[in-house]
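Everything on this sheet refers to the single structure shown next.
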Amino acid sequence: MSRTSPKTTTVAAAAVPARSVRSRRKLLTRTIAPHTALILVGCLFLFPIVWLFLTAVKTPEEIFAVPPSLLPEHWRWSNYADAVSAIPFGRYMGNTLLLCAINIAGQLLSAPLVAYSISKIPWSGRGLVFSLIVGTMILPGQVQLIPVYIIFSKLGWVGTFLPLTIGSFFGAPFYIFLLRQFMLGLPTELIEAAKIDGASELRIYARIMLPLLQPPLMTIALFTFVASYTDFMGPLIYLNDASKWTITVGLQGFLQDHGAQWEQLMAASALVTLPMIVLYFFGQKYFMKSGSALTGLK
Amino acid sequence: MSTRTLDRPVKQSTPRQRKRRIFWTGAAFASPWIIGFLAFTVYPFFGSLYYSFTSYDLFSAPKWIGLANYRAILSDPSFYKALSNTFYMAFIAMPIGLVASLLVALLLNLKVRGITFYRTLYYVPAVIPIVASAILWTWLLNPDYGLVNIVLRSVGLNDPAWLLDPNYTKPSLIMMGLWGSGAGALIFLAALQGIPQQYYEAASIDGAAWYRRIWHITLPGLSPILLFQFLMGLIGAMQIFTESFILGGGANSGTMGGPDQSLFFYAIYLYQNAFIYLKMGYASALAWILFVIVVLLTLVVLKTSARWVYYGGD
């Protein structure tokens, strides 16, 4: 494609221009053009969210107006109250937060233990365990879905929160992987010194390792929160009793029953979205780290 | 257990004893994952293989029927419909999303003031729960009152019915995917920042144009993470479920799979058989076919990747 473009022309073009032209062009290419592009694309990303929150406070007449107005004439906050009272919103939110809390506890208890084992204890099985952990990250979850459902159904757990929480206490492969990468970067001197002093592995883990793991554990807690909060298929399959529904399944039910009431649907969706956005802005540095953690995967 | 926790250093233990003790300590620390792996990965893996040869409705005992499920699947038109829709998502929608994430990452890698602010904002759509974003996009893509068509009409373009027109449902999903591309972009961005700056400086001194720098420095530098994202994207696309379930109106209506079954994906097909018809054996066979397809695709990608993935020599 671009292979034939002669190199010489670009060199010549860059070498000649006069001073003022160059600095003006520099301002254009280094500042104005990038910001324009960034703002335009940024609008594409953000405007749908703005529209969600604006539509949530409009009247049905305003919603169906063509062309629509950007801002509502009267901010109808009652849409929120209507949406919240149309479904047991508080109960759904309570169920969801409970699931989030249990899952966070489970991952924080289990994942660092396993990561410690495969990064700091020189036992002979750790290579195998590590390769299996990476291998299961690739396995499509739907292969396990049905037998796991059958197990839970035989145990009489379908319809309870157990199928949606128990798995967290065994450590998610991705979190174990993240923690292992982090631990490999920690110096071993402290551990060696503690060993010479006769401390047991459990004590070294609890007293020395865990305090050092605070940043990645925060990341894991946040990720687990997001995963449990946004999970849809799990609650859909396991929670058949509407009083146990989570917020995502409840929102889908609301859509099915009130499909035409867009102002309430938007208000409900906005309410479901808001905690995620707030959480994101408070924990953004941890979200941003996910990318750099993954680049360790080579 | 043989893992005695010791408060004093042991003096007389032989190397073999020491080794054994270390082994059991390691295994004990790893035991949560090992137990979970056996119960929720190994057992289900073989369990589903067994169920795939049976007829089982959860209430009566599974009945061995040999290859009958697999034969029935191969002669079921729904299987081919689900497969072709899913392949569309895996081989058309996913690569488009990947390229978009890469472009967004290049944009977010510009060295301008306030760039972290842009990075923060671009990620926001990715944290919105799929259920909420599906509802939002149903409204944005409403043929008459949706913002997208209002904008398209105002600039004189034609206004498709998007989620109501079988030819436009999958492009609608692509659009929703592009909206969430900030998440993938952030992963690419981290990789971009790992590319040594000297390479670019050297190239500039040699007079290489920007597109040549992208082609010869950026893309090779990104290739390991590109491979990872491609594989994960492929596996994810093969299992796409929630968007279609919401847009298709849930489980109870006859509209599952969207207009003219255009959003009838493999996971929807599997869900339908397992949890609506309670055909657990049939659905297990479907799961195994999916597994074999994913493994084959993964192997093909990994085999060919040796040709285009460049692992830096540091």
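We name chains A, B, ... following the order of the structure tokens; residues begin at 1 in each chain, and ligands are numbered from 1 as shown.
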Those of region 83-299 of chain B in DSSP helix (DSSP H, G or I), formatted as number ranges by chain = B: 83-108, 115-127, 130-140, 147-154, 162-164, 169-179, 182-193, 197-205, 210-238, 242-247, 259-261, 266-276, 280-299
Residues of chain B no more than 7 Å from chain A, counting only C-alpha atoms: send them over as a ChimeraX atom specification.
-> /B:5-9,22-23,26,29-30,32-33,36,40-41,44-45,47-48,107,112,122,124-125,127-129,131-132,136,145,179,186-187,190-191,207-208,224-225,235,242,246,249,280,284,287-288,291
Could you check which of B:Glu201, B:Glu243, B:Asp159, B:Asp165 is closest to Phe265 (chain B), using only C-alpha atoms?
-> B:Glu243
Atom-to-atom span, CA of Ala161 (chain B) and CA of Met176 (chain B), Å = 15.3 Å
Polymer residues at most 9 Å from Gly257 (chain B), only C-alpha atoms, same-chain spacing of 3 or more positions, as a PyMOL selection string | chain B and resi 244-245+247-249+254+260-265+268-269
Determine which residues of region 15-169 of chain B DSSP labels as strand (DSSP E) from the backbone of this structure, then write them out as a PyMOL selection string.
-> chain B and resi 54-55+63-64
Surrounding residues of region 296-312 of chain B excluding itself and chain neighbours under 6 positions, 7 Å, only C-alpha atoms, as a VMD selection string = chain B and resid 220 to 221 223 to 224 231
Give me a file of those residues, with all heavy atoms, as an mmCIF file, in the first residue's frame.
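Output below, filename again_16.cif:
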```cif
data_model
loop_
_atom_site.group_PDB
_atom_site.id
_atom_site.type_symbol
_atom_site.label_atom_id
_atom_site.label_comp_id
_atom_site.auth_asym_id
_atom_site.auth_seq_id
_atom_site.Cartn_x
_atom_site.Cartn_y
_atom_site.Cartn_z
ATOM 1 N N PRO B 220 4.241 -4.061 15.324
ATOM 2 C CA PRO B 220 5.021 -5.187 15.865
ATOM 3 C C PRO B 220 5.112 -5.137 17.393
ATOM 4 O O PRO B 220 5.007 -6.165 18.055
ATOM 5 C CB PRO B 220 6.408 -4.997 15.237
ATOM 6 C CG PRO B 220 6.169 -4.188 14.021
ATOM 7 C CD PRO B 220 5.006 -3.302 14.324
ATOM 8 N N GLY B 221 5.246 -3.940 17.952
ATOM 9 C CA GLY B 221 5.333 -3.820 19.404
ATOM 10 C C GLY B 221 4.059 -4.235 20.096
ATOM 11 O O GLY B 221 4.072 -4.725 21.222
ATOM 12 N N SER B 223 1.938 -6.476 18.869
ATOM 13 C CA SER B 223 1.407 -7.755 18.405
ATOM 14 C C SER B 223 1.128 -8.783 19.511
ATOM 15 O O SER B 223 0.123 -9.480 19.424
ATOM 16 C CB SER B 223 2.297 -8.335 17.305
ATOM 17 O OG SER B 223 3.607 -8.482 17.767
ATOM 18 N N PRO B 224 1.937 -8.890 20.581
ATOM 19 C CA PRO B 224 1.581 -9.885 21.600
ATOM 20 C C PRO B 224 0.228 -9.584 22.255
ATOM 21 O O PRO B 224 -0.591 -10.476 22.444
ATOM 22 C CB PRO B 224 2.713 -9.775 22.630
ATOM 23 C CG PRO B 224 3.836 -9.138 21.920
ATOM 24 C CD PRO B 224 3.217 -8.234 20.904
ATOM 25 N N LEU B 231 -7.688 -13.325 20.715
ATOM 26 C CA LEU B 231 -8.135 -14.617 21.241
ATOM 27 C C LEU B 231 -9.278 -14.443 22.230
ATOM 28 O O LEU B 231 -10.306 -15.116 22.149
ATOM 29 C CB LEU B 231 -6.973 -15.308 21.955
ATOM 30 C CG LEU B 231 -6.208 -16.337 21.164
ATOM 31 C CD1 LEU B 231 -5.174 -17.012 22.046
ATOM 32 C CD2 LEU B 231 -7.165 -17.377 20.586
#
```
